[in-house]
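Quick look at upload-v5.tsv (TSV, C-alpha atoms and all ligand atoms):
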```
chain	number	residue	atom	x	y	z
Q	1	ILE	CA	11.08	-88.24	-23.22
Q	2	ILE	CA	10.04	-91.00	-20.86
Q	3	PRO	CA	6.30	-90.96	-20.24
Q	4	LEU	CA	5.10	-91.10	-16.66
Q	5	ASN	CA	3.42	-94.19	-15.40
Q	6	PHE	CA	0.18	-92.63	-14.30
Q	7	ASP	CA	-0.84	-95.21	-11.74
Q	8	GLU	CA	2.40	-94.77	-9.96
Q	9	TYR	CA	2.20	-91.03	-10.37
Q	10	LEU	CA	-1.19	-90.94	-8.68
Q	11	ASN	CA	-0.12	-93.23	-5.89
Q	12	LEU	CA	2.92	-91.14	-5.25
Q	13	ASP	CA	0.78	-88.07	-5.23
Q	14	GLU	CA	-1.39	-89.62	-2.54
Q	15	GLU	CA	1.66	-90.66	-0.60
Q	16	THR	CA	3.03	-87.17	-0.92
Q	17	LYS	CA	-0.18	-85.75	0.48
Q	18	ASP	CA	-0.20	-88.13	3.39
Q	19	ASN	CA	3.44	-87.75	4.24
Q	20	LYS	CA	3.62	-84.05	3.51
Q	21	PRO	CA	7.23	-83.57	2.43
Q	22	THR	CA	9.08	-80.74	4.04
Q	23	THR	CA	10.10	-78.51	1.16
Q	24	LEU	CA	8.53	-77.65	-2.13
Q	25	LYS	CA	11.57	-78.68	-4.09
Q	26	GLU	CA	11.28	-82.19	-2.70
Q	27	GLU	CA	7.64	-82.25	-3.68
Q	28	ILE	CA	8.53	-81.26	-7.23
Q	29	LYS	CA	11.07	-84.08	-7.47
Q	30	VAL	CA	8.38	-86.49	-6.39
Q	31	GLU	CA	5.99	-85.19	-9.03
Q	32	TYR	CA	8.45	-85.79	-11.82
Q	33	LYS	CA	9.66	-89.16	-10.63
Q	34	PRO	CA	9.44	-91.47	-13.62
Q	35	SER	CA	8.33	-95.04	-13.25
Q	36	VAL	CA	11.17	-97.34	-12.23
Q	37	ASN	CA	10.01	-100.03	-14.61
Q	38	ILE	CA	9.91	-97.74	-17.58
Q	39	ILE	CA	13.42	-96.56	-16.87
Q	40	LYS	CA	14.66	-100.12	-16.47
Q	41	ASP	CA	12.98	-100.99	-19.77
Q	42	VAL	CA	14.77	-98.16	-21.52
Q	43	GLU	CA	18.08	-99.07	-19.93
Q	44	ASN	CA	17.70	-102.67	-21.02
Q	45	LYS	CA	16.78	-101.58	-24.52
Q	46	VAL	CA	19.86	-99.41	-24.65
Q	47	LYS	CA	21.97	-102.40	-23.61
Q	48	GLU	CA	20.27	-104.83	-25.96
Q	49	GLU	CA	20.29	-102.69	-29.03
Q	50	ASN	CA	23.46	-100.91	-28.08
Q	51	ILE	CA	21.91	-97.58	-28.86
Q	52	SER	CA	24.01	-94.84	-27.41
Q	53	THR	CA	21.93	-91.98	-28.70
Q	54	ILE	CA	18.99	-92.53	-26.35
Q	55	GLU	CA	19.35	-90.17	-23.45
Q	56	LYS	CA	19.17	-91.89	-20.12
Q	57	PRO	CA	16.89	-90.13	-17.66
Q	58	VAL	CA	18.70	-88.45	-14.83
Q	59	TYR	CA	17.17	-89.25	-11.49
Q	60	LYS	CA	18.12	-90.48	-8.07
Q	61	GLU	CA	15.74	-93.15	-6.95
Q	62	GLU	CA	17.02	-93.64	-3.41
Q	63	LYS	CA	17.10	-89.96	-2.65
Q	64	ILE	CA	13.50	-89.46	-3.74
Q	65	VAL	CA	12.25	-92.33	-1.60
Q	66	GLU	CA	14.07	-90.92	1.36
Q	67	GLU	CA	12.66	-87.44	0.84
Q	68	VAL	CA	9.06	-88.57	0.43
Q	69	LYS	CA	9.18	-89.83	4.00
Q	70	VAL	CA	10.07	-86.41	5.40
Q	71	GLU	CA	7.14	-85.06	7.39
Q	72	LYS	CA	5.67	-81.64	6.90
Q	73	LYS	CA	6.81	-79.47	9.76
Q	74	LYS	CA	3.86	-78.59	11.99
Q	75	LEU	CA	3.69	-75.62	14.29
Q	76	PRO	CA	3.16	-76.16	18.03
Q	77	TYR	CA	0.25	-74.54	19.87
Q	78	LEU	CA	1.18	-70.89	20.44
Q	79	GLU	CA	-0.60	-68.16	22.36
Q	80	TYR	CA	-0.05	-64.64	21.03
Q	81	ILE	CA	1.11	-62.17	23.67
Q	82	GLY	CA	2.17	-59.11	21.71
Q	83	GLN	CA	4.50	-57.39	19.29
Q	84	LEU	CA	8.07	-56.30	20.02
Q	85	SER	CA	9.68	-53.28	18.29
Q	86	GLY	CA	7.03	-53.50	15.55
Q	87	THR	CA	9.07	-56.35	14.13
Q	88	TYR	CA	8.73	-59.51	16.21
Q	89	LEU	CA	5.58	-61.30	17.27
Q	90	LEU	CA	5.73	-62.83	20.74
Q	91	PHE	CA	4.07	-66.12	21.63
Q	92	GLN	CA	4.12	-68.47	24.59
Q	93	ASN	CA	3.29	-72.06	25.37
Q	94	GLU	CA	4.16	-74.45	28.18
Q	95	GLU	CA	7.74	-74.74	26.86
Q	96	GLY	CA	8.60	-71.07	26.85
Q	97	LEU	CA	8.72	-67.88	24.80
Q	98	TYR	CA	8.77	-67.67	21.00
Q	99	LEU	CA	9.79	-64.72	18.86
Q	100	VAL	CA	8.55	-64.70	15.28
Q	101	ASP	CA	10.12	-62.41	12.69
Q	102	GLN	CA	6.97	-61.08	11.01
Q	103	HIS	CA	8.71	-60.34	7.70
Q	104	ALA	CA	10.34	-63.77	7.51
Q	105	ALA	CA	7.02	-65.45	8.35
Q	106	GLN	CA	5.07	-63.69	5.65
Q	107	GLU	CA	7.92	-64.15	3.20
Q	108	ARG	CA	7.67	-67.93	3.69
Q	109	ILE	CA	3.90	-67.85	3.09
Q	110	ASN	CA	4.22	-65.72	-0.05
Q	111	TYR	CA	7.14	-67.74	-1.33
Q	112	GLU	CA	5.22	-71.00	-1.20
Q	113	TYR	CA	2.23	-69.32	-2.87
Q	114	TYR	CA	4.29	-67.93	-5.77
Q	115	PHE	CA	6.40	-71.07	-6.10
Q	116	ASN	CA	3.24	-73.12	-6.52
Q	117	VAL	CA	1.38	-70.74	-8.79
Q	118	LEU	CA	4.39	-70.18	-11.06
Q	119	ALA	CA	4.66	-73.89	-11.82
Q	120	ASN	CA	1.65	-73.42	-14.03
Q	121	PRO	CA	0.62	-69.75	-14.06
Q	122	PRO	CA	-2.98	-69.13	-15.16
Q	123	LYS	CA	-3.31	-67.06	-18.34
Q	124	GLU	CA	-6.14	-64.86	-16.99
Q	125	SER	CA	-5.41	-61.20	-16.52
Q	126	ILE	CA	-7.03	-58.14	-14.96
Q	127	PRO	CA	-7.31	-55.01	-17.13
Q	128	LEU	CA	-5.95	-51.87	-15.48
Q	129	LEU	CA	-8.23	-48.82	-15.47
Q	130	ILE	CA	-5.17	-46.65	-15.87
Q	131	PRO	CA	-2.32	-48.42	-17.72
Q	132	PHE	CA	1.10	-47.47	-16.48
Q	133	ASN	CA	4.20	-46.88	-18.51
Q	134	ILE	CA	7.59	-48.57	-18.36
Q	135	GLU	CA	10.63	-46.86	-19.85
Q	136	LEU	CA	13.51	-49.07	-20.92
Q	137	LYS	CA	16.91	-48.86	-22.54
Q	138	LYS	CA	17.05	-49.61	-26.24
Q	139	GLU	CA	18.40	-53.16	-25.92
Q	140	GLU	CA	16.01	-53.96	-23.05
Q	141	ALA	CA	13.06	-52.74	-25.12
Q	142	LEU	CA	14.13	-54.97	-27.98
Q	143	MET	CA	14.42	-57.97	-25.67
Q	144	LEU	CA	10.98	-57.27	-24.23
Q	145	THR	CA	9.42	-56.85	-27.69
Q	146	ASN	CA	10.68	-60.31	-28.59
Q	147	ASN	CA	9.06	-61.78	-25.49
Q	148	LEU	CA	5.67	-60.06	-25.32
Q	149	LYS	CA	3.91	-63.31	-26.32
Q	150	VAL	CA	5.60	-65.22	-23.50
Q	151	LEU	CA	4.40	-62.67	-20.98
Q	152	GLU	CA	0.86	-62.82	-22.41
Q	153	GLU	CA	0.88	-66.54	-21.69
Q	154	VAL	CA	1.12	-65.76	-17.97
Q	155	GLY	CA	-1.41	-62.93	-18.04
Q	156	LEU	CA	0.85	-59.90	-18.41
Q	157	ILE	CA	-0.25	-57.76	-21.34
Q	158	LEU	CA	2.06	-55.01	-22.55
Q	159	GLU	CA	1.80	-52.76	-25.54
Q	160	PRO	CA	4.51	-50.55	-27.09
Q	161	SER	CA	3.82	-46.93	-26.18
Q	162	GLY	CA	6.87	-45.26	-27.68
Q	163	VAL	CA	10.30	-46.05	-29.09
Q	164	ASN	CA	11.58	-47.75	-25.94
Q	165	SER	CA	8.53	-47.72	-23.69
Q	166	PHE	CA	5.54	-49.94	-22.96
Q	167	PHE	CA	2.07	-49.58	-21.51
Q	168	VAL	CA	1.15	-52.24	-18.98
Q	169	ARG	CA	-2.50	-52.86	-19.98
Q	170	GLU	CA	-3.40	-55.99	-18.05
Q	171	ILE	CA	-1.78	-57.71	-15.08
Q	172	PRO	CA	-1.82	-61.42	-14.12
Q	173	VAL	CA	-4.58	-62.66	-11.77
Q	174	TRP	CA	-1.98	-64.53	-9.71
Q	175	ILE	CA	-0.21	-61.35	-8.57
Q	176	LYS	CA	-1.12	-60.56	-4.97
Q	177	ALA	CA	0.15	-57.12	-4.11
Q	178	SER	CA	-1.14	-53.86	-2.73
Q	179	SER	CA	0.78	-52.01	-5.43
Q	180	PRO	CA	1.00	-54.38	-8.41
Q	181	GLU	CA	2.80	-51.71	-10.48
Q	182	VAL	CA	5.93	-52.04	-8.36
Q	183	MET	CA	5.71	-55.81	-8.51
Q	184	ILE	CA	5.27	-55.88	-12.31
Q	185	GLU	CA	8.25	-53.58	-12.80
Q	186	LYS	CA	10.34	-55.84	-10.56
Q	187	ILE	CA	9.33	-58.91	-12.55
Q	188	ILE	CA	10.12	-57.27	-15.90
Q	189	TYR	CA	13.54	-56.08	-14.73
Q	190	PHE	CA	14.21	-59.47	-13.19
Q	191	LEU	CA	13.53	-61.24	-16.50
Q	192	LEU	CA	15.48	-58.67	-18.51
Q	193	GLU	CA	18.50	-58.94	-16.22
Q	194	ARG	CA	18.60	-62.69	-16.75
Q	195	ASN	CA	17.75	-62.40	-20.43
Q	196	GLU	CA	15.42	-65.32	-19.92
Q	197	PHE	CA	11.63	-65.27	-20.01
Q	198	ASN	CA	10.90	-68.81	-18.99
Q	199	ILE	CA	8.77	-68.34	-15.87
Q	200	ALA	CA	8.78	-72.02	-14.94
Q	201	THR	CA	12.56	-72.33	-14.80
Q	202	LEU	CA	12.97	-69.04	-12.95
Q	203	ARG	CA	10.16	-69.65	-10.52
Q	204	ASP	CA	12.25	-70.30	-7.44
Q	205	SER	CA	14.21	-67.05	-7.64
Q	206	LEU	CA	11.20	-65.14	-8.96
Q	207	ALA	CA	9.07	-66.44	-6.09
Q	208	LYS	CA	11.72	-65.33	-3.57
Q	209	GLN	CA	11.86	-61.91	-5.14
Q	210	MET	CA	8.09	-61.45	-5.16
Q	211	ALA	CA	7.69	-62.90	-1.68
Q	212	CYS	CA	10.11	-60.38	-0.21
Q	213	LYS	CA	8.49	-57.50	-2.07
Q	214	ALA	CA	4.98	-58.43	-0.94
Q	215	SER	CA	5.75	-59.09	2.73
Q	216	ILE	CA	5.18	-56.84	5.74
Q	217	LYS	CA	8.34	-55.03	6.68
Q	218	ALA	CA	9.85	-54.52	10.09
Q	219	ASN	CA	8.61	-51.56	12.16
Q	220	HIS	CA	5.03	-52.11	11.16
Q	221	PHE	CA	2.14	-52.62	13.55
Q	222	VAL	CA	0.28	-55.88	13.05
Q	223	SER	CA	-3.18	-56.34	14.58
Q	224	LYS	CA	-4.22	-59.39	16.58
Q	225	GLU	CA	-6.49	-60.45	13.70
Q	226	GLU	CA	-3.64	-60.14	11.20
Q	227	VAL	CA	-1.45	-62.24	13.47
Q	228	SER	CA	-4.03	-65.01	13.61
Q	229	VAL	CA	-4.38	-65.06	9.79
Q	230	LEU	CA	-0.60	-65.02	9.44
Q	231	MET	CA	-0.15	-67.95	11.81
Q	232	LYS	CA	-2.89	-69.99	10.11
Q	233	ASP	CA	-1.24	-69.44	6.72
Q	234	LEU	CA	2.19	-70.21	8.15
Q	235	ASP	CA	0.91	-73.46	9.59
Q	236	LEU	CA	-0.14	-74.53	6.08
Q	237	CYS	CA	3.41	-74.07	4.78
Q	238	PHE	CA	5.64	-77.06	4.14
Q	239	ASN	CA	8.45	-75.42	6.01
Q	240	PRO	CA	7.16	-72.71	8.36
Q	241	TYR	CA	10.49	-72.45	10.20
Q	242	ASN	CA	12.65	-70.67	7.63
Q	243	CYS	CA	12.22	-67.78	5.20
Q	244	PRO	CA	13.04	-68.71	1.57
Q	245	HIS	CA	16.52	-67.21	2.05
Q	246	GLY	CA	17.20	-69.51	5.00
Q	247	ARG	CA	16.73	-67.05	7.85
Q	248	PRO	CA	14.83	-68.39	10.87
Q	249	VAL	CA	11.18	-67.49	11.31
Q	250	PHE	CA	11.16	-68.60	14.97
Q	251	VAL	CA	13.47	-68.12	17.90
Q	252	LYS	CA	12.55	-70.08	21.01
Q	253	ILE	CA	13.64	-69.22	24.56
Q	254	THR	CA	12.76	-72.05	26.90
Q	255	ASN	CA	11.37	-71.56	30.41
Q	256	TYR	CA	14.59	-73.14	31.71
Q	257	GLU	CA	16.71	-70.56	29.88
Q	258	ILE	CA	14.57	-67.76	31.33
Q	259	GLU	CA	14.82	-69.20	34.85
Q	260	LYS	CA	18.59	-69.40	34.39
Q	261	MET	CA	18.72	-65.74	33.43
Q	262	PHE	CA	17.02	-64.92	36.73
Q	263	LYS	CA	19.23	-67.35	38.62
Q	264	ARG	CA	16.22	-69.32	39.81
Q	265	VAL	CA	18.04	-72.43	38.61
Q	266	VAL	CA	21.70	-73.21	38.06
S	1	ZN	ZN	12.76	-60.21	2.59
S	2	ZN	ZN	14.10	-63.84	3.55
```

Write out the structure in this file as structure tokens.
Amino acid sequence: IIPLNFDEYLNLDEETKDNKPTTLKEEIKVEYKPSVNIIKDVENKVKEENISTIEKPVYKEEKIVEEVKVEKKKLPYLEYIGQLSGTYLLFQNEEGLYLVDQHAAQERINYEYYFNVLANPPKESIPLLIPFNIELKKEEALMLTNNLKVLEEVGLILEPSGVNSFFVREIPVWIKASSPEVMIEKIIYFLLERNEFNIATLRDSLAKQMACKASIKANHFVSKEEVSVLMKDLDLCFNPYNCPHGRPVFVKITNYEIEKMFKRVV
């Protein structure tokens, strides 16, 4: 393992903050960027001593530099004018009309939250007043039994309650959900399906899964106050313009396009 050069790490961190890279994945790459000098040293050593067993670090220097420069995407000024079909939020500014898919918007916010928190999930948990039960198949129960310690490390405390069932006693502090039971079940099934309990390596797909689950659905009234909180949170996102699955959050119809529809212009 190549140790990080901490001076460079800190500088890069500052640079990252200032330049605000556009996606979380890019930010992660920046965090783990090893010092160029250290890598050169190792490469030279390998050449000099002709040691083939030392693993060369895999990294792409040019790509990282390029990505650090990418600016965080900021939202323009938008005035809220109402909700359409209980699904889209309508905004306007001097350029035209904007439709925001409320589910996609909240999904982006939740995704970035879970992606960040899962990089280093806190161990703290919240005891449930009434533990709930999870029934599993025999082989799933066995797999879960072997991984109870791993789940405890991220604040999820389960206890066998029968031959193939478990009580969920305590849930992680980092779970934000109105019905955490559903979320916990989803997470457990997600990990079992993949037969892998390493939260850090699964955090991208796990974050997507949890983000979708926790987000407001279509056909749901959203108050003006909720809209303003949503837009503030969205503005803090690295990429407020797409949901984690790549769908657009915004659709813009310019004033010119509207005037064309009414044949005011050609
Ligand atoms: Zn979704
Ligand atoms: Zn999505």

Q. With all atoms listed in the file as the basis for distance, which of Q:Lys176, Q:Lys149, Q:His103, Q:Lys232 is at the shortest distance from ligand ZN 2 (chain S)?
A.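 Closest residue, counting all atoms listed in the file: Q:His103.
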
Q: Tell me which protein, DNA and RNA residues are within 12 Å of Ser178 in chain Q, counting only C-alpha atoms, leaving out same-chain ones fewer than 6 positions away, and put them as a list in words.
A: Ile184, Lys213, Ala214, Ser215 and Ile216 of chain Q

Q: Work out how far CA of Pro244 in chain Q is from CA of Asn93 in chain Q, in Å to one decimal.
A: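 CA of Pro244 in chain Q lies 25.9 Å from CA of Asn93 in chain Q.
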
(Q) Neighbouring residues of ligand ZN 2 (chain S) are defined here as those with any atom at most 6 Å from a ligand atom, counting all atoms listed in the file; list them as a VMD selection string. (A) chain Q and resid 104 243 to 245 247

Q) Of the candidates Q:Leu236, Q:Val227, Q:Val117, Q:Ile109, which one gets nearest to ligand ZN 1 (chain S) if we count all atoms listed in the file? A)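 When distances to ligand ZN 1 (chain S) are compared using all atoms listed in the file, the smallest one comes from Q:Ile109.
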
Residue list as a tab-separated table (two decimals) with C-alpha atoms, in the coordinates of the input for point (16.1, -50.0, -22.4), cut-off 12 Å, all atoms listed in the file:
```tsv
chain	number	residue	atom	x	y	z
Q	134	ILE	CA	7.59	-48.57	-18.36
Q	135	GLU	CA	10.63	-46.86	-19.85
Q	136	LEU	CA	13.51	-49.07	-20.92
Q	137	LYS	CA	16.91	-48.86	-22.54
Q	138	LYS	CA	17.05	-49.61	-26.24
Q	139	GLU	CA	18.40	-53.16	-25.92
Q	140	GLU	CA	16.01	-53.96	-23.05
Q	141	ALA	CA	13.06	-52.74	-25.12
Q	142	LEU	CA	14.13	-54.97	-27.98
Q	143	MET	CA	14.42	-57.97	-25.67
Q	144	LEU	CA	10.98	-57.27	-24.23
Q	145	THR	CA	9.42	-56.85	-27.69
Q	162	GLY	CA	6.87	-45.26	-27.68
Q	163	VAL	CA	10.30	-46.05	-29.09
Q	164	ASN	CA	11.58	-47.75	-25.94
Q	165	SER	CA	8.53	-47.72	-23.69
Q	166	PHE	CA	5.54	-49.94	-22.96
Q	188	ILE	CA	10.12	-57.27	-15.90
Q	189	TYR	CA	13.54	-56.08	-14.73
Q	192	LEU	CA	15.48	-58.67	-18.51
Q	193	GLU	CA	18.50	-58.94	-16.22
```

Q. From the list Q:Glu152, Q:Glu94, Q:Glu79, Q:Asp101, which residue is nearest ligand ZN 1 (chain S) when using all atoms listed in the file?
A.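 Of Q:Glu152, Q:Glu94, Q:Glu79, Q:Asp101, the one nearest ligand ZN 1 (chain S), counting all atoms listed in the file, is Q:Asp101.
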
Q: Find the distance between CA of Leu128 in chain Q and CA of Leu148 in chain Q and write it in Å to one decimal.
A: 17.3 Å

Q: Take CA of Leu158 in chain Q and CA of Met210 in chain Q and report the distance between them in Å, one decimal.
A: 19.5 Å

Q) Which of these, Q:Asn242, Q:Asn146, Q:Asn195, Q:Gln92, has the shortest distance to Pro76 in chain Q once you count all atoms listed in the file? A)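 The closest residue to Pro76 in chain Q is Q:Gln92.
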
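Distance annotation: of Q:Cys212, Q:Ile130, Q:Trp174, Q:Ser85, the residue with the minimal separation from ligand ZN 1 (chain S) is Q:Cys212; atom set is only C-alpha atoms and all ligand atoms.
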
Box dimensions and centre (Å, one decimal) enclosing range 200-219 of chain Q, axis-aligned, 6 Å extra per side, as JSON:
```
{"center_x": 9.6, "center_y": -61.9, "center_z": -1.4, "size_x": 21.2, "size_y": 32.8, "size_z": 39.1}
```

Q: Using only C-alpha atoms and all ligand atoms, pick whichever of Q:Val182, Q:Val150, Q:Ala105, Q:Val251 has the shortest atom-to-atom distance to ligand ZN 1 (chain S).
A: Q:Ala105

Q: Write out as a VMD selection string the residues lying within 9 Å of Gln209 in chain Q, counting all atoms listed in the file and excluding same-chain residues fewer than 6 positions away.
A: chain Q and resid 111 186 to 187 190
